[in-house]
Number of protein chains: 4
Amino acid sequence: MKRVAVLGATGLVGRTFVKLLGGHPWFKVEKLIASEKSAGKKYGDLVEDSPEEFRDYYVISLNEFLENPGVDLVFNALPASISRDVEEKLAQEIPVFTNARAHRYDEDVPILVPEVNKDHLKLVEVQRKRRGWKGFIVTNPNCSTAILTLSLAPLRNFGIKKVRVATMQAISGAGFSGLSAYAIQDNVIPFISGEEWKIENESKKIMGKLKGDEIEPASFDVIAIATRVPVIHGHTEAVFVELENPDIKSIREAIENFDPLKDLKLPSYEKPIVYTEIPQPRLHRDRGRGLTVTVGRLERTSEGVKYVALGHNLVRGAAGGSVLNAELAYKLKII
Amino acid sequence: MKRVAVLGATGLVGRTFVKLLGGHPWFKVEKLIASEKSAGKKYGDLVEDSPEEFRDYYVISLNEFLENPGVDLVFNALPASISRDVEEKLAQEIPVFTNARAHRYDEDVPILVPEVNKDHLKLVEVQRKRRGWKGFIVTNPNCSTAILTLSLAPLRNFGIKKVRVATMQAISGAGFSGLSAYAIQDNVIPFISGEEWKIENESKKIMGKLKGDEIEPASFDVIAIATRVPVIHGHTEAVFVELENPDIKSIREAIENFDPLKDLKLPSYEKPIVYTEIPQPRLHRDRGRGLTVTVGRLERTSEGVKYVALGHNLVRGAAGGSVLNAELAYKLKII
Amino acid sequence: MKRVAVLGATGLVGRTFVKLLGGHPWFKVEKLIASEKSAGKKYGDLVEDSPEEFRDYYVISLNEFLENPGVDLVFNALPASISRDVEEKLAQEIPVFTNARAHRYDEDVPILVPEVNKDHLKLVEVQRKRRGWKGFIVTNPNCSTAILTLSLAPLRNFGIKKVRVATMQAISGAGFSGLSAYAIQDNVIPFISGEEWKIENESKKIMGKLKGDEIEPASFDVIAIATRVPVIHGHTEAVFVELENPDIKSIREAIENFDPLKDLKLPSYEKPIVYTEIPQPRLHRDRGRGLTVTVGRLERTSEGVKYVALGHNLVRGAAGGSVLNAELAYKLKII
Amino acid sequence: MKRVAVLGATGLVGRTFVKLLGGHPWFKVEKLIASEKSAGKKYGDLVEDSPEEFRDYYVISLNEFLENPGVDLVFNALPASISRDVEEKLAQEIPVFTNARAHRYDEDVPILVPEVNKDHLKLVEVQRKRRGWKGFIVTNPNCSTAILTLSLAPLRNFGIKKVRVATMQAISGAGFSGLSAYAIQDNVIPFISGEEWKIENESKKIMGKLKGDEIEPASFDVIAIATRVPVIHGHTEAVFVELENPDIKSIREAIENFDPLKDLKLPSYEKPIVYTEIPQPRLHRDRGRGLTVTVGRLERTSEGVKYVALGHNLVRGAAGGSVLNAELAYKLKII
């Protein structure tokens with residue numbers, strides 16, 4: 001059993017980490033880290049719906065934790081602003097699996113979606129070598145990007161030429177109080193700071209090829225418009241894909257049969273994509289314990305295909321993806 | 001003053017017609033037509049928020065009306081299923097301005113958006129000649145299409161090559177009881193029957209060129225994904241446009257200066273487009289009494305531009321567009 | 001194992017029955033009954049989120065079922081309008097546990113909430129004797145009433161003198177399409193047909209005393225105002241109770257310790273009430289698999305107490321309550 | 001024309017003041033006061049939907065304003081925390097009409113609802129005398145209380161003995177960012193800090209009798225439970241009233257005929273109550289430009305009546321009530 005710490009354990013993503021790690025066969029959560037304000041309090045007193053097994057954990061402050069981590073592995077749900085330094089300090093000794101964007105765009109840090117680009121995990125060696133670390137940093141993508149790239153993965157063999165995507169993102173993506181009720185009630189807000197840039201750039205890195213020590217970004221462009229809608233969990237994405245070979249029947253089969261890591265038997269693994277004609281956040285966000293992306297409305301267009309993809313932003317799009325990353329690393333004996 | 005009848009006056013679009021026509025300087029509503037069930041009742045008893053001036057109107061049944069129309073002009077908000085026959089019967093004698101889709105795809109019937117294709121109104125002559133009618137039929141487009149084509153109009157001079165659009169449509173687009181609360185609460189439903197086909201095809205007809213007696217559809221493709229979101233009024237559209245000449249500064253100016261019918265002084269006319277950085281249905285749907293489309297988030301992409309457009313589906317996308325069509329016809333002395 | 005049929009298995013309450021009965025240790029669902037239109041189809045094709053074990057069940061029409069029930073027990077989720085005849089026909093031979101209101105107000109039919117009035121189950125004998133039935137009918141109360149009476153039960157010893165309750169009821173209480181999205185979006189609708197009468201009268205019957213063959217209704221009045229709010233599941237109730245002995249500390253203890261059937265070990269039994277300071281439908285409706293009512297905001301008033309109660313309308317307020325009724329009957333060897 | 005300043009002009013209540021005062025026949029807004037951060041900016045750049053006439057006003061900081069008020073009258077929409085000192089300083093010279101609660105519970109300060117307790121305005125003389133002020137402070141009640149007391153006013157002649165009220169309050173009552181979307185989406189939150197106390201106590205003061213220099217609070221108790229619901233504007237209240245003489249027919253008439261200040265011809269005055277069978281926030285909050293309270297669902301109970309009342313929290317419940325207060329004072333030549 002690897003001893004694990006969750007950083008930022010009381011936020012929305014942090015809570016999701018804690019829930020997913022409850023009773024995990026390989027990882028044992030030993031430390032829950034939160035702000036000074038929460039330090040010293042019981043996790044169950046801070047988080048009403050805490051799993052039973054963590055109710056009596058005393059939350060530790062970040063500073064206290066950094067002095068003496070004492071774990072084998074860290075999951076990070078801290079805000080990006082403070083994550084860069086924290087992650088670099090920890091990675092000198094310990095593997096860090098992080099939802100923060102701080103290191104996503106570093107050349108030697110992979111943005112990992114196990115079903116899409118598991119070979120990028122090799123960057124970890126580059127990282128160690130270059131930086132002289134014992135640990136390393138593995139990031140998961142931005143929530144919308146995780147869902148998008150997973151839905152695009154089965155289309156790779158059909159020659160992706162260009163992708164346009166409009167997202168309809170859930171409230172929980174903004175955190176507990178990141179979005180005011182007055183702003184979103186009976187409304188759509190077609191602006192999420194930095195989101196479109198992330199989708200456009202992270203997708204190309206994730207779907208790029210590892211050549212030697214470097215990732216060559218995917219050759220196709222991604223153009224995104226991101227909106228917020230009054231839905232509690234679950235990002236919905238309308239996707240237009242230009243393809244070289246838009247054989248709709250084969251594409252449908254490729255989507256339905258997409259199951260690349262089945263044989264690895266990772267504890268959190270679920271069939272990554274399920275096809276349902278009309279994907280809907282309230283109905284399908286919890287599919288596969290939140291790790292399954294639902295794809296539907298697939299249709300041939302004059303240039304390729306269009307479809308709708310949907311996934312749980314806190315699970316597949318954040319904590320769940322990160323846990324899957326760690327499971328892959330464990331299985332491949334990288335940790 | 002033209003004497004006017006509103007068909008389907010108790011539905012959501014019909015009510016909007018009635019509201020917009022209250023106190024109109026050119027059109028005087030004389031008859032309100034609804035189902036057998038409503039006939040004989042006072043309009044104010046059927047429609048809680050009826051304008052004062054129509055409260056005491058007795059609603060007439062369709063059959064009674066058809067026996068003896070006795071008006072100069074008809075606005076139709078009936079369902080498509082019964083509209084084909086009704087409109088053809090009336091058009092033999094009277095001009096019909098209709099929100100129903102029944103005749104939109106007839107070769108000699110224009111789908112009219114005054115600010116976009118006012119010359120298509122000439123089809124009315126073709127229609128009269130071919131069909132031997134004294135009246136005629138003028139349709140307005142599907143709600144999403146009205147908003148989309150208006151937002152595209154200022155981009156025409158920049159060489160539109162292709163359009164992809166994802167719509168986020170309001171509940172009122174489905175009528176009073178067309179959508180169950182259980183279905184849409186905390187949800188997005190990425191399916192609206194027939195909608196994508198309408199957007200893709202109506203747009204091409206509207207933005208096509210009138211050559212002799214025929215419309216040559218626009219040469220560019222439109223690819224649409226339509227979704228329903230939990231918003232009461234106002235359709236939001238994420239639009240990706242490929243352009244031959246994506247000069248972003250000139251495009252922004254063209255959008256802000258777009259005001260082609262200003263000089264006609266139509267009573268319902270409002271500046272058709274206002275640019276606001278983040279268009280939002282709750283904040284902007286009522287702009288220009290619901291006739292103004294709000295465009296925002298305009299950005300250069302590798303292939304052209306992306307932007308967000310927003311309009312009131314019941315006004316600009318239905319009754320308001322139709323009233324504007326009639327005003328244009330009146331101004332041009334076609335009625 | 002008792003063989004069980006679920007009537008009205010495709011509606012919202014019916015689906016909840018089916019879900020709750022999946023893998024039940026005492027009851028084995030053998031027949032799923034729905035409308036003619038659904039008959040002959042697989043349950044999994046009609047109900048997207050059907051439990052795996054029922055996906056391949058062929059749905060049977062009501063007529064076919066009535067000809068030859070062939071089960072030991074029936075759960076009824078049919079609409080009230082057709083339930084009276086169906087239930088009486090079936091009860092001649094088989095016990096019927098029903099969510100329909102058709103028989104709730106019959107003198108010899110109990111409205112049962114096991115934790116509140118389990119002795120009322122004795123009415124079954126009166127019923128059999130009077131009506132000459134081998135089976136019987138046991139009803140569960142209206143959804144709001146189930147939650148209210150459960151929350152009132154611990155207050156009995158403090159001398160309830162009068163109850164006023166304002167309900168804020170969820171969308172799912174109106175069924176799949178019983179409520180239009182246009183009606184409830186950004187709105188509260190303070191009218192639910194028949195609801196207030198049901199709450200006021202059913203509560204008095206449930207909290208009444210069985211004297212010989214009859215129930216003497218509770219002596220206190222209940223006055224209700226029922227409203228619908230834009231929440232998917234979970235009825236919230238604001239309750240004002242006049243008490244003879246408003247000892248707030250003892251009342252709080254009575255609520256927290258309320259657990260009258262713990263020793264019966266019914267398979268669906270959960271602690272019926274959990275105290276949480278601010279009960280909220282999205283956070284607490286699924287507590288105890290939907291069978292636990294959350295009570296909070298308890299405060300002393302000049303006349304007694306006020307508090308807020310919350311429960312899952314489809315589980316505690318409908319199917320779950322009915323399953324608990326059947327479990328009680330089974331445990332007491334009445335079936 | 002009285003020269004007017006609006007304090008806290010950029011918040012939700014402040015904006016409502018500004019909107020209501022645009023084009024006012026008696027009051028001319030000369031100064032808009034907001035935080036340091038906003039000072040020096042144009043109002044139209046801070047408030048997207050500013051009325052045209054105020055777009056180019058430069059916002060002034062509170063400190064700058066206090067140095068040299070230079071107006072005849074102040075409307076205050078500042079938070080309670082800073083209002084006490086500010087109001088007392090200003091009232092030394094100028095009349096202050098305030099939405100803040102800071103002074104509501106002072107013996108010599110009226111909580112004024114013109115249609116309910118206009119004679120309480122006489123407290124202003126007591127205030128001036130006691131405090132040696134040239135100006136004075138007049139408060140309007142908490143939003144829920146304004147709606148409640150107005151709905152209770154016509155019942156006064158029927159002997160109010162006790163009132164229980166459950167409120168369903170809108171999001172805008174919490175200000176722009178007072179409520180997180182994550183908290184209220186698909187939820188009801190039955191807790192609003194301090195709200196129940198305010199309703200219970202302010203109602204008694206407002207409906208009390210002025211005897212000499214003092215208000216004797218109403219003899220009846222008010223017991224309140226306050227909840228927040230996902231509605232943008234409009235507080236709905238379920239009200240149970242014990243009456244000595246519950247003559248339902250006369251009560252209905254008293255409600256429908258309630259129009260006590262009609263003859264004063266105050267510019268903002270609207271019929272204070274309109275009876276509609278099912279009051280609903282989305283449909284009726286804007287009635288009478290937001291100043292009319294809608295009452296409905298009136299029914300006889302065993303002890304009196306129950307009904308539902310609804311009003312716009314920002315207008316009748318805040319800025320609109322305050323403007324009406326100033327208009328009354330002006331008409332009565334108190335300012």
# chains A, B, ... in the order shown; residues from 1 in each chain; ligands from 1
>>> residues_around(residues="Ala218 in chain C", least_positions_apart="2", cutoff="10 Å", atoms="only C-alpha atoms", output="PyMOL selection string")
chain C and resi 160-161+201+203-209+215-216+220-222
>>> write_last_selection(atoms="all heavy atoms", output="tab-separated table (two decimals), in the first residue's frame")
chain	number	residue	atom	x	y	z
C	160	ILE	N	-49.11	17.52	20.91
C	160	ILE	CA	-49.35	18.32	19.69
C	160	ILE	C	-50.76	18.91	19.73
C	160	ILE	O	-51.74	18.19	19.87
C	160	ILE	CB	-49.19	17.44	18.43
C	160	ILE	CG1	-47.76	16.87	18.37
C	160	ILE	CG2	-49.50	18.24	17.17
C	160	ILE	CD1	-47.54	15.86	17.26
C	161	LYS	N	-50.83	20.24	19.60
C	161	LYS	CA	-52.13	20.91	19.62
C	161	LYS	C	-52.57	21.39	18.24
C	161	LYS	O	-53.75	21.42	17.92
C	161	LYS	CB	-52.07	22.12	20.57
C	161	LYS	CG	-51.99	21.70	22.04
C	161	LYS	CD	-51.51	22.82	22.94
C	161	LYS	CE	-52.49	23.97	23.02
C	161	LYS	NZ	-51.94	25.08	23.84
C	201	ASN	N	-55.77	15.87	5.94
C	201	ASN	CA	-56.61	14.76	6.37
C	201	ASN	C	-55.85	13.45	6.59
C	201	ASN	O	-56.14	12.71	7.52
C	201	ASN	CB	-57.74	14.57	5.36
C	201	ASN	CG	-58.76	15.70	5.47
C	201	ASN	OD1	-59.62	15.67	6.36
C	201	ASN	ND2	-58.60	16.73	4.64
C	203	SER	N	-52.79	13.15	7.51
C	203	SER	CA	-51.99	13.26	8.73
C	203	SER	C	-52.82	12.90	9.96
C	203	SER	O	-52.35	12.21	10.86
C	203	SER	CB	-51.47	14.70	8.90
C	203	SER	OG	-50.60	15.04	7.86
C	204	LYS	N	-54.04	13.39	9.98
C	204	LYS	CA	-54.89	13.13	11.15
C	204	LYS	C	-55.26	11.65	11.26
C	204	LYS	O	-55.35	11.10	12.36
C	204	LYS	CB	-56.15	13.99	11.08
C	204	LYS	CG	-55.86	15.47	11.22
C	204	LYS	CD	-57.12	16.29	11.37
C	204	LYS	CE	-57.82	16.00	12.68
C	204	LYS	NZ	-58.81	17.04	13.03
C	205	LYS	N	-55.45	11.01	10.10
C	205	LYS	CA	-55.76	9.58	10.15
C	205	LYS	C	-54.53	8.78	10.60
C	205	LYS	O	-54.61	7.93	11.49
C	205	LYS	CB	-56.21	9.10	8.76
C	205	LYS	CG	-56.52	7.60	8.70
C	205	LYS	CD	-57.22	7.21	7.39
C	205	LYS	CE	-57.44	5.69	7.34
C	205	LYS	NZ	-58.17	5.29	6.11
C	206	ILE	N	-53.37	9.08	10.01
C	206	ILE	CA	-52.15	8.35	10.34
C	206	ILE	C	-51.80	8.50	11.83
C	206	ILE	O	-51.43	7.54	12.50
C	206	ILE	CB	-50.97	8.86	9.49
C	206	ILE	CG1	-51.20	8.52	8.02
C	206	ILE	CG2	-49.64	8.28	9.97
C	206	ILE	CD1	-50.29	9.27	7.05
C	207	MET	N	-51.97	9.71	12.34
C	207	MET	CA	-51.59	9.96	13.73
C	207	MET	C	-52.76	9.72	14.69
C	207	MET	O	-52.66	10.01	15.88
C	207	MET	CB	-51.01	11.36	13.85
C	207	MET	CG	-49.81	11.50	12.89
C	207	MET	SD	-48.65	12.80	13.31
C	207	MET	CE	-47.89	12.15	14.79
C	208	GLY	N	-53.83	9.14	14.16
C	208	GLY	CA	-54.96	8.80	14.99
C	208	GLY	C	-54.74	7.50	15.75
C	208	GLY	O	-53.72	6.83	15.58
C	209	LYS	N	-55.74	7.19	16.60
C	209	LYS	CA	-55.60	5.98	17.43
C	209	LYS	C	-56.54	4.89	16.94
C	209	LYS	O	-57.71	5.16	16.65
C	209	LYS	CB	-55.97	6.31	18.88
C	209	LYS	CG	-54.81	6.86	19.65
C	209	LYS	CD	-55.01	6.75	21.15
C	209	LYS	CE	-53.87	7.47	21.86
C	209	LYS	NZ	-54.38	8.55	22.73
C	215	ILE	N	-60.32	3.81	13.36
C	215	ILE	CA	-59.29	4.79	13.70
C	215	ILE	C	-59.97	6.09	14.11
C	215	ILE	O	-60.81	6.63	13.39
C	215	ILE	CB	-58.36	5.07	12.50
C	215	ILE	CG1	-57.52	3.82	12.23
C	215	ILE	CG2	-57.46	6.26	12.76
C	215	ILE	CD1	-56.81	3.86	10.92
C	216	GLU	N	-59.60	6.57	15.27
C	216	GLU	CA	-60.05	7.88	15.72
C	216	GLU	C	-58.98	8.88	15.31
C	216	GLU	O	-57.85	8.79	15.80
C	216	GLU	CB	-60.20	7.84	17.24
C	216	GLU	CG	-60.90	9.04	17.81
C	216	GLU	CD	-60.99	8.92	19.33
C	216	GLU	OE1	-61.95	8.31	19.82
C	216	GLU	OE2	-60.05	9.41	20.01
C	220	PHE	N	-55.62	16.97	16.84
C	220	PHE	CA	-55.08	18.27	16.43
C	220	PHE	C	-55.38	18.54	14.95
C	220	PHE	O	-55.48	17.64	14.14
C	220	PHE	CB	-53.58	18.36	16.69
C	220	PHE	CG	-52.77	17.27	16.07
C	220	PHE	CD1	-52.39	17.35	14.73
C	220	PHE	CD2	-52.37	16.15	16.81
C	220	PHE	CE1	-51.62	16.36	14.15
C	220	PHE	CE2	-51.60	15.15	16.23
C	220	PHE	CZ	-51.25	15.25	14.91
C	221	ASP	N	-55.50	19.84	14.63
C	221	ASP	CA	-55.68	20.26	13.24
C	221	ASP	C	-54.34	20.38	12.53
C	221	ASP	O	-53.33	20.72	13.15
C	221	ASP	CB	-56.34	21.64	13.19
C	221	ASP	CG	-57.85	21.50	13.04
C	221	ASP	OD1	-58.36	20.36	13.09
C	221	ASP	OD2	-58.51	22.54	12.88
C	222	VAL	N	-54.36	20.12	11.25
C	222	VAL	CA	-53.22	20.38	10.40
C	222	VAL	C	-53.69	21.35	9.31
C	222	VAL	O	-54.73	21.13	8.69
C	222	VAL	CB	-52.69	19.08	9.76
C	222	VAL	CG1	-51.54	19.38	8.79
C	222	VAL	CG2	-52.26	18.09	10.83
>>> closest_atom_pairs(of="chain C", to="chain B", cutoff="9 Å", atoms="only C-alpha atoms", output="tab-separated table")
residue	atom	partner	partner_atom	distance
C:Ile171	CA	B:Tyr182	CA	6.1
C:Ser172	CA	B:Tyr182	CA	6.2
C:Ala174	CA	B:Tyr182	CA	8.6
C:Gly175	CA	B:Tyr182	CA	7.6
C:Phe176	CA	B:Tyr182	CA	5.7
C:Ser177	CA	B:Ser180	CA	5.0
C:Gly178	CA	B:Ser180	CA	7.3
C:Leu179	CA	B:Ala181	CA	5.7
C:Ser180	CA	B:Ser180	CA	4.4
C:Ala181	CA	B:Ala181	CA	3.8
C:Tyr182	CA	B:Phe176	CA	5.7
C:Ala183	CA	B:Phe176	CA	7.5
C:Ile184	CA	B:Ala181	CA	7.0
C:Gln185	CA	B:Ile232	CA	6.5
C:Asp186	CA	B:Ile232	CA	7.8
C:Pro230	CA	B:Gln185	CA	7.4
C:Val231	CA	B:Gln185	CA	7.5
C:Ile232	CA	B:Gln185	CA	6.5
>>> closest_residue(among="C:Ser302, C:Thr294, C:Thr139, C:Thr10", to="Asp108 in chain C", atoms="only C-alpha atoms")
C:Thr139
>>> residues_around(residues="Leu73 in chain C", least_positions_apart="5", cutoff="9 Å", atoms="only C-alpha atoms", output="ChimeraX atom specification")
/C:2-6,27,94-97,135,326,335
>>> atom_distance(atom1="CA of Val229 in chain B", atom2="CA of Arg287 in chain A")
20.9 Å
>>> select_by_dssp(residues="range 15-139 of chain C", states="alpha helix (DSSP H)", output="ChimeraX atom specification")
/C:15-21,43-46,62-67,80-91,114-117,123-131
>>> write_last_selection(atoms="N, CA and C atoms", output="short mmCIF file (atom, residue, chain, number, x, y, z; two decimals), in the first residue's frame")
data_model
loop_
_atom_site.label_atom_id
_atom_site.label_comp_id
_atom_site.auth_asym_id
_atom_site.auth_seq_id
_atom_site.Cartn_x
_atom_site.Cartn_y
_atom_site.Cartn_z
N ARG C 15 -40.68 2.99 -11.31
CA ARG C 15 -39.23 2.75 -11.44
C ARG C 15 -38.54 2.69 -10.09
N THR C 16 -39.04 3.53 -9.19
CA THR C 16 -38.41 3.54 -7.87
C THR C 16 -38.72 2.22 -7.16
N PHE C 17 -39.95 1.72 -7.29
CA PHE C 17 -40.26 0.38 -6.76
C PHE C 17 -39.27 -0.65 -7.30
N VAL C 18 -39.10 -0.65 -8.61
CA VAL C 18 -38.26 -1.66 -9.25
C VAL C 18 -36.82 -1.58 -8.73
N LYS C 19 -36.32 -0.34 -8.63
CA LYS C 19 -34.96 -0.17 -8.13
C LYS C 19 -34.81 -0.69 -6.70
N LEU C 20 -35.79 -0.35 -5.86
CA LEU C 20 -35.70 -0.72 -4.45
C LEU C 20 -35.85 -2.24 -4.26
N LEU C 21 -36.57 -2.87 -5.18
CA LEU C 21 -36.82 -4.30 -5.02
C LEU C 21 -35.73 -5.16 -5.66
N TYR C 43 -38.15 -4.28 -20.48
CA TYR C 43 -38.13 -3.18 -19.51
C TYR C 43 -36.91 -2.28 -19.74
N GLY C 44 -35.78 -2.89 -20.04
CA GLY C 44 -34.55 -2.12 -20.26
C GLY C 44 -34.63 -1.22 -21.49
N ASP C 45 -35.50 -1.56 -22.42
CA ASP C 45 -35.66 -0.69 -23.60
C ASP C 45 -36.60 0.47 -23.29
N LEU C 46 -37.41 0.30 -22.28
CA LEU C 46 -38.35 1.37 -21.91
C LEU C 46 -37.76 2.30 -20.86
N LEU C 62 -51.77 -4.52 -18.16
CA LEU C 62 -52.59 -4.68 -16.97
C LEU C 62 -53.66 -5.75 -17.17
N ASN C 63 -54.29 -5.73 -18.33
CA ASN C 63 -55.35 -6.72 -18.60
C ASN C 63 -54.82 -8.14 -18.53
N GLU C 64 -53.69 -8.33 -19.16
CA GLU C 64 -53.11 -9.68 -19.16
C GLU C 64 -52.80 -10.10 -17.72
N PHE C 65 -52.27 -9.19 -16.96
CA PHE C 65 -51.91 -9.50 -15.57
C PHE C 65 -53.14 -9.85 -14.74
N LEU C 66 -54.20 -9.07 -14.94
CA LEU C 66 -55.39 -9.29 -14.10
C LEU C 66 -56.03 -10.64 -14.37
N GLU C 67 -55.88 -11.11 -15.57
CA GLU C 67 -56.44 -12.43 -15.89
C GLU C 67 -55.80 -13.54 -15.07
N ALA C 80 -54.32 7.06 -9.66
CA ALA C 80 -55.47 6.86 -8.78
C ALA C 80 -56.73 6.51 -9.58
N SER C 81 -56.86 7.13 -10.73
CA SER C 81 -58.11 6.99 -11.50
C SER C 81 -58.46 5.54 -11.81
N ILE C 82 -57.46 4.73 -12.14
CA ILE C 82 -57.78 3.33 -12.47
C ILE C 82 -57.48 2.38 -11.32
N SER C 83 -56.93 2.91 -10.24
CA SER C 83 -56.47 2.03 -9.17
C SER C 83 -57.61 1.41 -8.35
N ARG C 84 -58.69 2.14 -8.16
CA ARG C 84 -59.76 1.65 -7.28
C ARG C 84 -60.21 0.25 -7.70
N ASP C 85 -60.63 0.13 -8.94
CA ASP C 85 -61.13 -1.16 -9.40
C ASP C 85 -60.06 -2.24 -9.41
N VAL C 86 -58.90 -1.87 -9.91
CA VAL C 86 -57.82 -2.84 -10.01
C VAL C 86 -57.45 -3.37 -8.63
N GLU C 87 -57.32 -2.47 -7.67
CA GLU C 87 -56.91 -2.90 -6.33
C GLU C 87 -57.97 -3.78 -5.69
N GLU C 88 -59.22 -3.44 -5.86
CA GLU C 88 -60.28 -4.24 -5.23
C GLU C 88 -60.36 -5.63 -5.84
N LYS C 89 -60.16 -5.69 -7.14
CA LYS C 89 -60.17 -6.99 -7.81
C LYS C 89 -59.02 -7.86 -7.27
N LEU C 90 -57.84 -7.27 -7.22
CA LEU C 90 -56.66 -8.03 -6.79
C LEU C 90 -56.75 -8.42 -5.32
N ALA C 91 -57.25 -7.52 -4.50
CA ALA C 91 -57.26 -7.75 -3.05
C ALA C 91 -58.18 -8.90 -2.65
N PRO C 114 -44.73 2.80 8.81
CA PRO C 114 -44.37 1.84 9.86
C PRO C 114 -43.85 2.46 11.15
N GLU C 115 -43.02 3.48 11.04
CA GLU C 115 -42.43 4.06 12.25
C GLU C 115 -43.44 4.90 13.02
N VAL C 116 -44.59 5.18 12.42
CA VAL C 116 -45.54 6.09 13.06
C VAL C 116 -46.78 5.37 13.59
N ASN C 117 -47.33 4.46 12.81
CA ASN C 117 -48.60 3.86 13.20
C ASN C 117 -48.70 2.39 12.84
N LEU C 123 -55.92 -3.12 10.88
CA LEU C 123 -57.14 -2.86 10.09
C LEU C 123 -57.31 -3.90 8.99
N VAL C 124 -56.19 -4.47 8.60
CA VAL C 124 -56.23 -5.48 7.55
C VAL C 124 -57.20 -6.60 7.90
N GLU C 125 -57.25 -6.95 9.16
CA GLU C 125 -58.18 -8.02 9.58
C GLU C 125 -59.62 -7.54 9.45
N VAL C 126 -59.87 -6.30 9.85
CA VAL C 126 -61.21 -5.71 9.71
C VAL C 126 -61.62 -5.75 8.24
N GLN C 127 -60.68 -5.33 7.42
CA GLN C 127 -60.91 -5.27 5.98
C GLN C 127 -61.28 -6.64 5.43
N ARG C 128 -60.50 -7.63 5.76
CA ARG C 128 -60.75 -8.99 5.25
C ARG C 128 -62.11 -9.49 5.69
N LYS C 129 -62.41 -9.23 6.93
CA LYS C 129 -63.68 -9.71 7.49
C LYS C 129 -64.83 -9.02 6.77
N ARG C 130 -64.79 -7.69 6.75
CA ARG C 130 -65.89 -6.93 6.15
C ARG C 130 -66.09 -7.21 4.68
N ARG C 131 -64.98 -7.31 3.96
CA ARG C 131 -65.06 -7.38 2.50
C ARG C 131 -64.97 -8.81 1.97
#
>>> residues_around(residues="Pro25 in chain B", least_positions_apart="3", cutoff="8 Å", atoms="only C-alpha atoms", output="list in words")
Met1, Lys28 and Pro267 of chain B
